[in-house]
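Asks: Handing over data-v8.pdb, PDB, C-alpha atoms.
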```pdb
ATOM      1  CA  LEU Z   1     122.594  97.000  92.150
ATOM      2  CA  ARG Z   2     120.925  95.752  95.323
ATOM      3  CA  VAL Z   3     121.816  98.424  97.906
ATOM      4  CA  LEU Z   4     121.962 102.202  97.425
ATOM      5  CA  ARG Z   5     122.886 104.645 100.178
ATOM      6  CA  ILE Z   6     122.871 108.436  99.784
ATOM      7  CA  ILE Z   7     123.250 109.767 103.335
ATOM      8  CA  THR Z   8     123.728 113.356 104.545
ATOM      9  CA  GLN Z   9     124.216 114.779 101.063
ATOM     10  CA  ASN Z  10     121.788 117.706 101.313
ATOM     11  CA  VAL Z  11     119.471 116.004  98.797
ATOM     12  CA  ARG Z  12     116.326 118.111  98.458
ATOM     13  CA  GLU Z  13     114.186 116.029  96.126
ATOM     14  CA  MET Z  14     113.751 112.388  95.211
ATOM     15  CA  VAL Z  15     114.291 111.811  91.495
ATOM     16  CA  SER Z  16     114.072 108.748  89.306
ATOM     17  CA  PHE Z  17     116.987 106.383  89.772
ATOM     18  CA  GLY Z  18     116.269 104.655  86.497
ATOM     19  CA  TYR Z  19     114.751 101.208  86.499
ATOM     20  CA  LEU Z  20     116.491  99.166  89.229
ATOM     21  CA  PRO Z  21     114.533  95.895  89.539
ATOM     22  CA  ASN Z  22     117.158  94.285  91.791
ATOM     23  CA  LEU Z  23     117.359  97.101  94.343
ATOM     24  CA  THR Z  24     116.157  95.836  97.740
ATOM     25  CA  GLU Z  25     117.604  98.505 100.085
ATOM     26  CA  LEU Z  26     117.499 102.280  99.665
ATOM     27  CA  CYS Z  27     118.847 104.625 102.323
ATOM     28  CA  LEU Z  28     118.288 108.377 101.999
ATOM     29  CA  SER Z  29     118.754 109.285 105.664
ATOM     30  CA  ASN Z  30     119.482 112.796 106.900
ATOM     31  CA  ASN Z  31     118.668 114.734 103.756
ATOM     32  CA  LYS Z  32     116.196 117.548 103.027
ATOM     33  CA  ILE Z  33     113.633 115.512 101.124
ATOM     34  CA  GLU Z  34     110.040 116.736 101.565
ATOM     35  CA  ARG Z  35     108.098 114.213  99.459
ATOM     36  CA  ILE Z  36     108.281 110.488  98.761
ATOM     37  CA  ARG Z  37     108.307 110.033  94.984
ATOM     38  CA  PHE Z  38     109.590 108.007  92.004
ATOM     39  CA  LEU Z  39     109.862 104.666  93.798
ATOM     40  CA  GLU Z  40     107.919 102.886  91.071
ATOM     41  CA  ASP Z  41     111.359 102.406  89.470
ATOM     42  CA  VAL Z  42     112.439 100.100  92.309
ATOM     43  CA  PRO Z  43     109.525  97.623  92.479
ATOM     44  CA  ASN Z  44     111.315  95.017  94.601
ATOM     45  CA  LEU Z  45     112.403  97.355  97.381
ATOM     46  CA  GLN Z  46     112.250  95.702 100.824
ATOM     47  CA  ARG Z  47     113.961  98.229 103.120
ATOM     48  CA  LEU Z  48     113.587 102.004 102.928
ATOM     49  CA  TRP Z  49     115.306 104.586 105.144
ATOM     50  CA  LEU Z  50     113.886 108.120 105.050
ATOM     51  CA  ASP Z  51     114.702 109.062 108.618
ATOM     52  CA  TYR Z  52     115.689 112.620 109.481
ATOM     53  CA  THR Z  53     114.443 114.185 106.287
ATOM     54  CA  GLN Z  54     111.581 116.704 106.085
ATOM     55  CA  ILE Z  55     108.718 114.413 105.118
ATOM     56  CA  SER Z  56     105.264 115.229 106.498
ATOM     57  CA  VAL Z  57     103.116 112.776 104.501
ATOM     58  CA  ILE Z  58     103.579 109.054 103.858
ATOM     59  CA  GLU Z  59     102.671 108.528 100.206
ATOM     60  CA  ASN Z  60     103.481 106.815  96.893
ATOM     61  CA  LEU Z  61     104.528 103.478  98.380
ATOM     62  CA  GLU Z  62     101.559 101.312  97.400
ATOM     63  CA  HIS Z  63     103.364  99.778  94.429
ATOM     64  CA  LEU Z  64     106.113  98.433  96.710
ATOM     65  CA  ALA Z  65     104.328  95.155  97.357
ATOM     66  CA  ASP Z  66     107.368  93.620  99.086
ATOM     67  CA  LEU Z  67     108.288  96.559 101.344
ATOM     68  CA  ARG Z  68     109.112  95.034 104.737
ATOM     69  CA  GLU Z  69     111.025  97.648 106.722
ATOM     70  CA  LEU Z  70     110.272 101.365 106.796
ATOM     71  CA  PHE Z  71     112.357 103.846 108.776
ATOM     72  CA  LEU Z  72     110.809 107.307 109.170
ATOM     73  CA  GLN Z  73     112.186 108.601 112.460
ATOM     74  CA  GLY Z  74     112.660 112.304 113.018
ATOM     75  CA  ASN Z  75     110.246 113.692 110.435
ATOM     76  CA  ASN Z  76     107.040 115.780 110.534
ATOM     77  CA  ILE Z  77     104.555 112.934 110.078
ATOM     78  CA  SER Z  78     101.300 113.157 112.045
ATOM     79  CA  SER Z  79      99.144 110.514 110.311
ATOM     80  CA  LEU Z  80      99.575 106.770 109.714
ATOM     81  CA  ALA Z  81      96.380 106.274 107.700
ATOM     82  CA  TYR Z  82      98.327 105.530 104.514
ATOM     83  CA  VAL Z  83     100.442 102.829 106.172
ATOM     84  CA  SER Z  84      97.456 100.453 106.255
ATOM     85  CA  ARG Z  85      98.102  99.829 102.523
ATOM     86  CA  LEU Z  86     101.549  98.319 103.134
ATOM     87  CA  LYS Z  87     100.427  94.742 103.697
ATOM     88  CA  SER Z  88     103.935  93.193 103.682
ATOM     89  CA  LEU Z  89     105.361  95.573 106.295
ATOM     90  CA  ASN Z  90     107.235  93.773 109.099
ATOM     91  CA  SER Z  91     108.882  96.735 110.791
ATOM     92  CA  LEU Z  92     107.810 100.372 111.191
ATOM     93  CA  GLN Z  93     110.097 102.813 112.979
ATOM     94  CA  ILE Z  94     108.277 106.123 113.427
ATOM     95  CA  SER Z  95     109.660 107.705 116.618
ATOM     96  CA  GLY Z  96     110.418 111.405 116.663
ATOM     97  CA  ASN Z  97     107.263 112.380 114.741
ATOM     98  CA  PRO Z  98     104.239 114.438 115.959
ATOM     99  CA  ILE Z  99     101.888 111.462 116.180
ATOM    100  CA  SER Z 100      99.661 112.292 119.116
ATOM    101  CA  ASN Z 101      96.545 110.113 119.353
ATOM    102  CA  TYR Z 102      95.473 106.483 119.533
ATOM    103  CA  GLN Z 103      93.542 106.668 116.269
ATOM    104  CA  GLU Z 104      96.852 106.588 114.395
ATOM    105  CA  ILE Z 105      97.784 103.352 116.169
ATOM    106  CA  GLU Z 106      94.439 101.842 115.166
ATOM    107  CA  ASN Z 107      95.359 102.464 111.508
ATOM    108  CA  LEU Z 108      97.871  99.609 111.875
ATOM    109  CA  VAL Z 109      95.390  96.964 113.067
ATOM    110  CA  HIS Z 110      95.086  95.195 109.703
ATOM    111  CA  LEU Z 111      98.836  94.959 109.040
ATOM    112  CA  GLN Z 112      99.068  91.307 109.991
ATOM    113  CA  ALA Z 113     102.757  91.047 109.016
ATOM    114  CA  LEU Z 114     103.767  93.901 111.345
ATOM    115  CA  PHE Z 115     106.170  92.440 113.913
ATOM    116  CA  ASP Z 116     108.353  95.314 115.110
ATOM    117  CA  LEU Z 117     106.913  98.769 115.897
ATOM    118  CA  SER Z 118     108.499 101.788 117.520
ATOM    119  CA  PHE Z 119     107.027 105.126 118.561
ATOM    120  CA  ALA Z 120     109.882 105.701 121.018
ATOM    121  CA  ASP Z 121     113.443 104.439 121.316
ATOM    122  CA  TYR Z 122     116.718 105.337 122.957
ATOM    123  CA  GLU Z 123     118.137 107.015 119.827
ATOM    124  CA  HIS Z 124     115.165 109.245 118.936
ATOM    125  CA  ASP Z 125     112.587 111.430 120.677
ATOM    126  CA  ALA Z 126     109.303 109.737 121.536
ATOM    127  CA  CYS Z 127     106.139 110.526 119.627
ATOM    128  CA  PRO Z 128     103.622 112.343 121.879
ATOM    129  CA  VAL Z 129     101.296 109.318 121.742
ATOM    130  CA  ALA Z 130     103.973 107.207 123.449
ATOM    131  CA  GLU Z 131     103.824 109.496 126.491
ATOM    132  CA  ILE Z 132     100.090 109.072 127.069
ATOM    133  CA  GLU Z 133      99.253 106.974 130.121
ATOM    134  CA  GLY Z 134      98.277 103.465 129.084
ATOM    135  CA  TYR Z 135      99.968 103.704 125.675
ATOM    136  CA  ARG Z 136     101.875 100.421 125.850
ATOM    137  CA  SER Z 137      98.818  98.513 127.062
ATOM    138  CA  PHE Z 138      96.735 100.023 124.265
ATOM    139  CA  VAL Z 139      99.204  98.889 121.598
ATOM    140  CA  ILE Z 140      99.565  95.406 123.077
ATOM    141  CA  PHE Z 141      95.801  94.895 123.225
ATOM    142  CA  HIS Z 142      94.901  96.280 119.795
ATOM    143  CA  LEU Z 143      97.931  95.173 117.743
ATOM    144  CA  LYS Z 144      98.144  91.512 118.631
ATOM    145  CA  GLN Z 145     100.541  90.810 115.753
ATOM    146  CA  VAL Z 146     103.270  93.086 117.167
ATOM    147  CA  LYS Z 147     105.944  91.186 119.103
ATOM    148  CA  VAL Z 148     108.452  93.998 119.715
ATOM    149  CA  LEU Z 149     107.349  97.477 120.825
ATOM    150  CA  ASP Z 150     109.809 100.360 121.206
ATOM    151  CA  GLY Z 151     112.687  97.891 121.255
ATOM    152  CA  TYR Z 152     111.223  95.693 124.019
ATOM    153  CA  PRO Z 153     109.773  92.217 123.392
ATOM    154  CA  ILE Z 154     106.128  91.606 124.295
ATOM    155  CA  SER Z 155     105.840  88.363 126.209
ATOM    156  CA  GLU Z 156     102.753  86.183 126.362
ATOM    157  CA  ARG Z 157     102.527  87.086 130.045
ATOM    158  CA  ASN Z 158     102.518  90.812 129.149
ATOM    159  CA  ARG Z 159      99.731  90.251 126.659
ATOM    160  CA  SER Z 160      97.692  88.116 129.051
ATOM    161  CA  GLU Z 161      97.972  90.722 131.825
ATOM    162  CA  VAL Z 162      96.904  93.509 129.481
ATOM    163  CA  GLU Z 163      93.928  91.530 128.180
ATOM    164  CA  ASP Z 164      92.824  90.664 131.741
ATOM    165  CA  ALA Z 165      93.090  94.301 132.816
ATOM    166  CA  TYR Z 166      91.181  95.448 129.732
ATOM    167  CA  LEU Z 167      88.354  92.965 130.303
ATOM    168  CA  LYS Z 168      88.187  94.011 133.950
ATOM    169  CA  SER Z 169      87.899  97.673 132.948
ATOM    170  CA  VAL Z 170      85.145  96.819 130.446
ATOM    171  CA  LEU Z 171      83.173  94.958 133.121
ATOM    172  CA  GLU Z 172      83.577  97.839 135.560
ATOM    173  CA  PHE Z 173      82.438 100.295 132.900
ATOM    174  CA  ASN Z 174      79.386  98.167 132.079
ATOM    175  CA  HIS Z 175      78.497  97.970 135.776
ATOM    176  CA  ARG Z 176      78.697 101.768 136.046
ATOM    177  CA  VAL Z 177      76.483 102.135 132.988
ATOM    178  CA  ASP Z 178      73.920  99.710 134.457
ATOM    179  CA  ALA Z 179      73.969 101.606 137.747
ATOM    180  CA  LEU Z 180      73.395 104.934 135.971
ATOM    181  CA  LYS Z 181      70.531 103.429 133.986
ATOM    182  CA  ALA Z 182      68.937 102.161 137.216
ATOM    183  CA  GLU Z 183      69.338 105.593 138.826
ATOM    184  CA  ASN Z 184      67.805 107.267 135.785
ATOM    185  CA  ARG Z 185      64.852 104.860 135.805
ATOM    186  CA  SER Z 186      64.236 105.600 139.464
ATOM    187  CA  ALA Z 187      64.498 109.352 138.888
ATOM    188  CA  LEU Z 188      62.136 109.096 135.912
ATOM    189  CA  GLN Z 189      59.607 107.146 137.948
ATOM    190  CA  ASN Z 190      59.732 109.814 140.680
ATOM    191  CA  LEU Z 191      59.148 112.520 138.092
ATOM    192  CA  GLU Z 192      56.215 110.628 136.587
ATOM    193  CA  HIS Z 193      54.725 110.219 140.053
ATOM    194  CA  LYS Z 194      55.080 113.939 140.809
ATOM    195  CA  LYS Z 195      53.563 114.740 137.417
ATOM    196  CA  LYS Z 196      50.483 112.611 138.160
ATOM    197  CA  VAL Z 197      50.100 114.149 141.626
ATOM    198  CA  ASN Z 198      50.263 117.644 140.137
ATOM    199  CA  GLU Z 199      47.735 116.705 137.443
ATOM    200  CA  GLN Z 200      45.371 115.390 140.096
ATOM    201  CA  LYS Z 201      45.726 118.564 142.147
ATOM    202  CA  CYS Z 202      45.042 120.690 139.092
ATOM    203  CA  ALA Z 203      41.932 118.627 138.269
ATOM    204  CA  GLN Z 204      40.587 119.021 141.804
ATOM    205  CA  SER Z 205      41.103 122.791 141.947
TER     206      SER Z 205
END
```
So, in terms of structure tokens, how does the structure I just supplied come out?
Replies:
Amino acid sequence: LRVLRIITQNVREMVSFGYLPNLTELCLSNNKIERIRFLEDVPNLQRLWLDYTQISVIENLEHLADLRELFLQGNNISSLAYVSRLKSLNSLQISGNPISNYQEIENLVHLQALFDLSFADYEHDACPVAEIEGYRSFVIFHLKQVKVLDGYPISERNRSEVEDAYLKSVLEFNHRVDALKAENRSALQNLEHKKKVNEQKCAQS
């Protein structure tokens, strides 16, 4: 058995399938599963569909050393910290989950095999993080291994433009910091001068 699909069957809990060393695709879409469990029995799994279930935590996948595609759209997942363990992952589809900040995107930095990533697509609601201004640029700059984002290819021109804009913003920020430091030095010098003048006046009185 290489492919197993149990879709829209009101399944409430993952149970052991028995040892299936040849299973490479498992689809459990649109069920009522709350936890990911018992996948140690399918050690060679490459594609896993758990979209539109009731999962809130990504867990118990670390033994799937060859897992390449993970579909988790339409769940209650808010953290991607665990995903950093899935070193063979090529594709992560996570739209329709309450992922809301850039820190979760940064959890994917070390997944060098990650090629295709989606926080928003035309079939599912966008994650809140995908609606933050600058989201696409942030992903392109920090996840250099990703070539397709939300269904759209990232061209070399896109990446070059993002990197140029990022470097420009860093330079502008550094200039502002230098200017504030100079202002603070000047203000401090003025205060020191006033302090000395006051000390002199006190000594003379």
Asks: Decode the PyMOL selection byres ((chain Z and resi 37) around 7) for the given file into explicit residues and return them as a list in words.
Replies: Met14, Arg35, Ile36, Phe38, Leu39 and Asn60 of chain Z
Asks: What's the 9 Å shell around range 149-152 of chain Z, counting all atoms listed in the file, without same-chain residues fewer than 2 positions away, as a compact mmCIF listing (two decimals) with C-alpha atoms, in the frame of the given file?
Replies:
```txt
# COMPACT_ATOMS: atom_id res chain seq x y z
CA GLN Z 93 110.10 102.81 112.98
CA SER Z 95 109.66 107.70 116.62
CA PHE Z 115 106.17 92.44 113.91
CA ASP Z 116 108.35 95.31 115.11
CA LEU Z 117 106.91 98.77 115.90
CA SER Z 118 108.50 101.79 117.52
CA PHE Z 119 107.03 105.13 118.56
CA ALA Z 120 109.88 105.70 121.02
CA ASP Z 121 113.44 104.44 121.32
CA TYR Z 122 116.72 105.34 122.96
CA ARG Z 136 101.88 100.42 125.85
CA VAL Z 139 99.20 98.89 121.60
CA ILE Z 140 99.56 95.41 123.08
CA VAL Z 146 103.27 93.09 117.17
CA LYS Z 147 105.94 91.19 119.10
CA ILE Z 154 106.13 91.61 124.30
```
Asks: Quick one: everything within 12 Å of Gly134 in chain Z, counting all atoms listed in the file, minus sequence neighbours fewer than 3 positions away in the same chain. Send it as JSON, numbers by chain.
Replies: {"Z": [101, 102, 129, 130, 131, 137, 138, 139, 140, 141, 162, 165, 166]}
Asks: Nearest to Leu72 in chain Z: which of Z:Leu1, Z:Val109, Z:Val42, Z:Cys27 is it, counting only C-alpha atoms?
Replies: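 The answer is Z:Cys27, which sits nearest to Leu72 in chain Z.
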Asks: Near Leu4 in chain Z, within 9 Å and counting only C-alpha atoms, which residues show up once chain neighbours fewer than 4 positions away are dropped, as a list in words?
Replies: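 My list of contacting residues is Leu23, Thr24, Glu25, Leu26, Cys27 and Leu28 of chain Z.
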Asks: Selection from above, C-alpha atoms, as a PDB file, in the frame of the given file, can you write it?
Replies:
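Now in part_19.pdb:
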```pdb
ATOM      1  CA  LEU Z  23     117.359  97.101  94.343  1.00  0.00           C
ATOM      2  CA  THR Z  24     116.157  95.836  97.740  1.00  0.00           C
ATOM      3  CA  GLU Z  25     117.604  98.505 100.085  1.00  0.00           C
ATOM      4  CA  LEU Z  26     117.499 102.280  99.665  1.00  0.00           C
ATOM      5  CA  CYS Z  27     118.847 104.625 102.323  1.00  0.00           C
ATOM      6  CA  LEU Z  28     118.288 108.377 101.999  1.00  0.00           C
TER       7      LEU Z  28
END
```
Asks: Can you spell out as JSON, numbers by chain the set of residues that the PyMOL selection byres ((chain Z and resi 43) around 12) selects in the structure I just provided?
Replies: {"Z": [2, 17, 18, 19, 20, 21, 22, 23, 24, 25, 26, 38, 39, 40, 41, 42, 44, 45, 46, 47, 60, 61, 62, 63, 64, 65, 66, 67]}
Asks: Could you take the residues named above and write them with C-alpha atoms, as a PDB file, keeping the file's coordinate frame?
Replies:
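As a result, out13.pdb now contains:
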```pdb
ATOM      1  CA  ARG Z   2     120.925  95.752  95.323  1.00  0.00           C
ATOM      2  CA  PHE Z  17     116.987 106.383  89.772  1.00  0.00           C
ATOM      3  CA  GLY Z  18     116.269 104.655  86.497  1.00  0.00           C
ATOM      4  CA  TYR Z  19     114.751 101.208  86.499  1.00  0.00           C
ATOM      5  CA  LEU Z  20     116.491  99.166  89.229  1.00  0.00           C
ATOM      6  CA  PRO Z  21     114.533  95.895  89.539  1.00  0.00           C
ATOM      7  CA  ASN Z  22     117.158  94.285  91.791  1.00  0.00           C
ATOM      8  CA  LEU Z  23     117.359  97.101  94.343  1.00  0.00           C
ATOM      9  CA  THR Z  24     116.157  95.836  97.740  1.00  0.00           C
ATOM     10  CA  GLU Z  25     117.604  98.505 100.085  1.00  0.00           C
ATOM     11  CA  LEU Z  26     117.499 102.280  99.665  1.00  0.00           C
ATOM     12  CA  PHE Z  38     109.590 108.007  92.004  1.00  0.00           C
ATOM     13  CA  LEU Z  39     109.862 104.666  93.798  1.00  0.00           C
ATOM     14  CA  GLU Z  40     107.919 102.886  91.071  1.00  0.00           C
ATOM     15  CA  ASP Z  41     111.359 102.406  89.470  1.00  0.00           C
ATOM     16  CA  VAL Z  42     112.439 100.100  92.309  1.00  0.00           C
ATOM     17  CA  ASN Z  44     111.315  95.017  94.601  1.00  0.00           C
ATOM     18  CA  LEU Z  45     112.403  97.355  97.381  1.00  0.00           C
ATOM     19  CA  GLN Z  46     112.250  95.702 100.824  1.00  0.00           C
ATOM     20  CA  ARG Z  47     113.961  98.229 103.120  1.00  0.00           C
ATOM     21  CA  ASN Z  60     103.481 106.815  96.893  1.00  0.00           C
ATOM     22  CA  LEU Z  61     104.528 103.478  98.380  1.00  0.00           C
ATOM     23  CA  GLU Z  62     101.559 101.312  97.400  1.00  0.00           C
ATOM     24  CA  HIS Z  63     103.364  99.778  94.429  1.00  0.00           C
ATOM     25  CA  LEU Z  64     106.113  98.433  96.710  1.00  0.00           C
ATOM     26  CA  ALA Z  65     104.328  95.155  97.357  1.00  0.00           C
ATOM     27  CA  ASP Z  66     107.368  93.620  99.086  1.00  0.00           C
ATOM     28  CA  LEU Z  67     108.288  96.559 101.344  1.00  0.00           C
TER      29      LEU Z  67
END
```
Asks: Looking at Z:Gly74, Z:Ser100, Z:Leu108, Z:Ser16, which one is nearest to Asn31 in chain Z, with distances taken over all atoms listed in the file?
Replies: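 Of Z:Gly74, Z:Ser100, Z:Leu108, Z:Ser16, the one nearest Asn31 in chain Z is Z:Gly74, counting all atoms listed in the file.
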Asks: Exactly which residues make up the result of the PyMOL selection byres ((chain Z and resi 114) around 10) on this file, given as a CSV table (one decimal) with C-alpha atoms, keeping the file's coordinate frame?
Replies:
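expr-v1.csv, freshly written:
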```csv
chain,number,residue,atom,x,y,z
Z,68,ARG,CA,109.1,95.0,104.7
Z,69,GLU,CA,111.0,97.6,106.7
Z,86,LEU,CA,101.5,98.3,103.1
Z,87,LYS,CA,100.4,94.7,103.7
Z,88,SER,CA,103.9,93.2,103.7
Z,89,LEU,CA,105.4,95.6,106.3
Z,90,ASN,CA,107.2,93.8,109.1
Z,91,SER,CA,108.9,96.7,110.8
Z,92,LEU,CA,107.8,100.4,111.2
Z,108,LEU,CA,97.9,99.6,111.9
Z,109,VAL,CA,95.4,97.0,113.1
Z,110,HIS,CA,95.1,95.2,109.7
Z,111,LEU,CA,98.8,95.0,109.0
Z,112,GLN,CA,99.1,91.3,110.0
Z,113,ALA,CA,102.8,91.0,109.0
Z,115,PHE,CA,106.2,92.4,113.9
Z,116,ASP,CA,108.4,95.3,115.1
Z,117,LEU,CA,106.9,98.8,115.9
Z,143,LEU,CA,97.9,95.2,117.7
Z,144,LYS,CA,98.1,91.5,118.6
Z,145,GLN,CA,100.5,90.8,115.8
Z,146,VAL,CA,103.3,93.1,117.2
Z,147,LYS,CA,105.9,91.2,119.1
Z,148,VAL,CA,108.5,94.0,119.7
```
Asks: Find the distance between CA of Ser84 in chain Z and CA of Gln103 in chain Z and write it in Å to one decimal.
Replies: 12.4 Å
Asks: Please indicate the distance in Å from CA of Ser155 in chain Z to CA of Pro128 in chain Z, rounded to one decimal place.
Replies: 24.5 Å
Asks: If I take CA of His142 in chain Z and CA of Glu156 in chain Z, how far is one from the other in Å, to one decimal?
Replies: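 Calculated distance between CA of His142 in chain Z and CA of Glu156 in chain Z is 14.4 Å.
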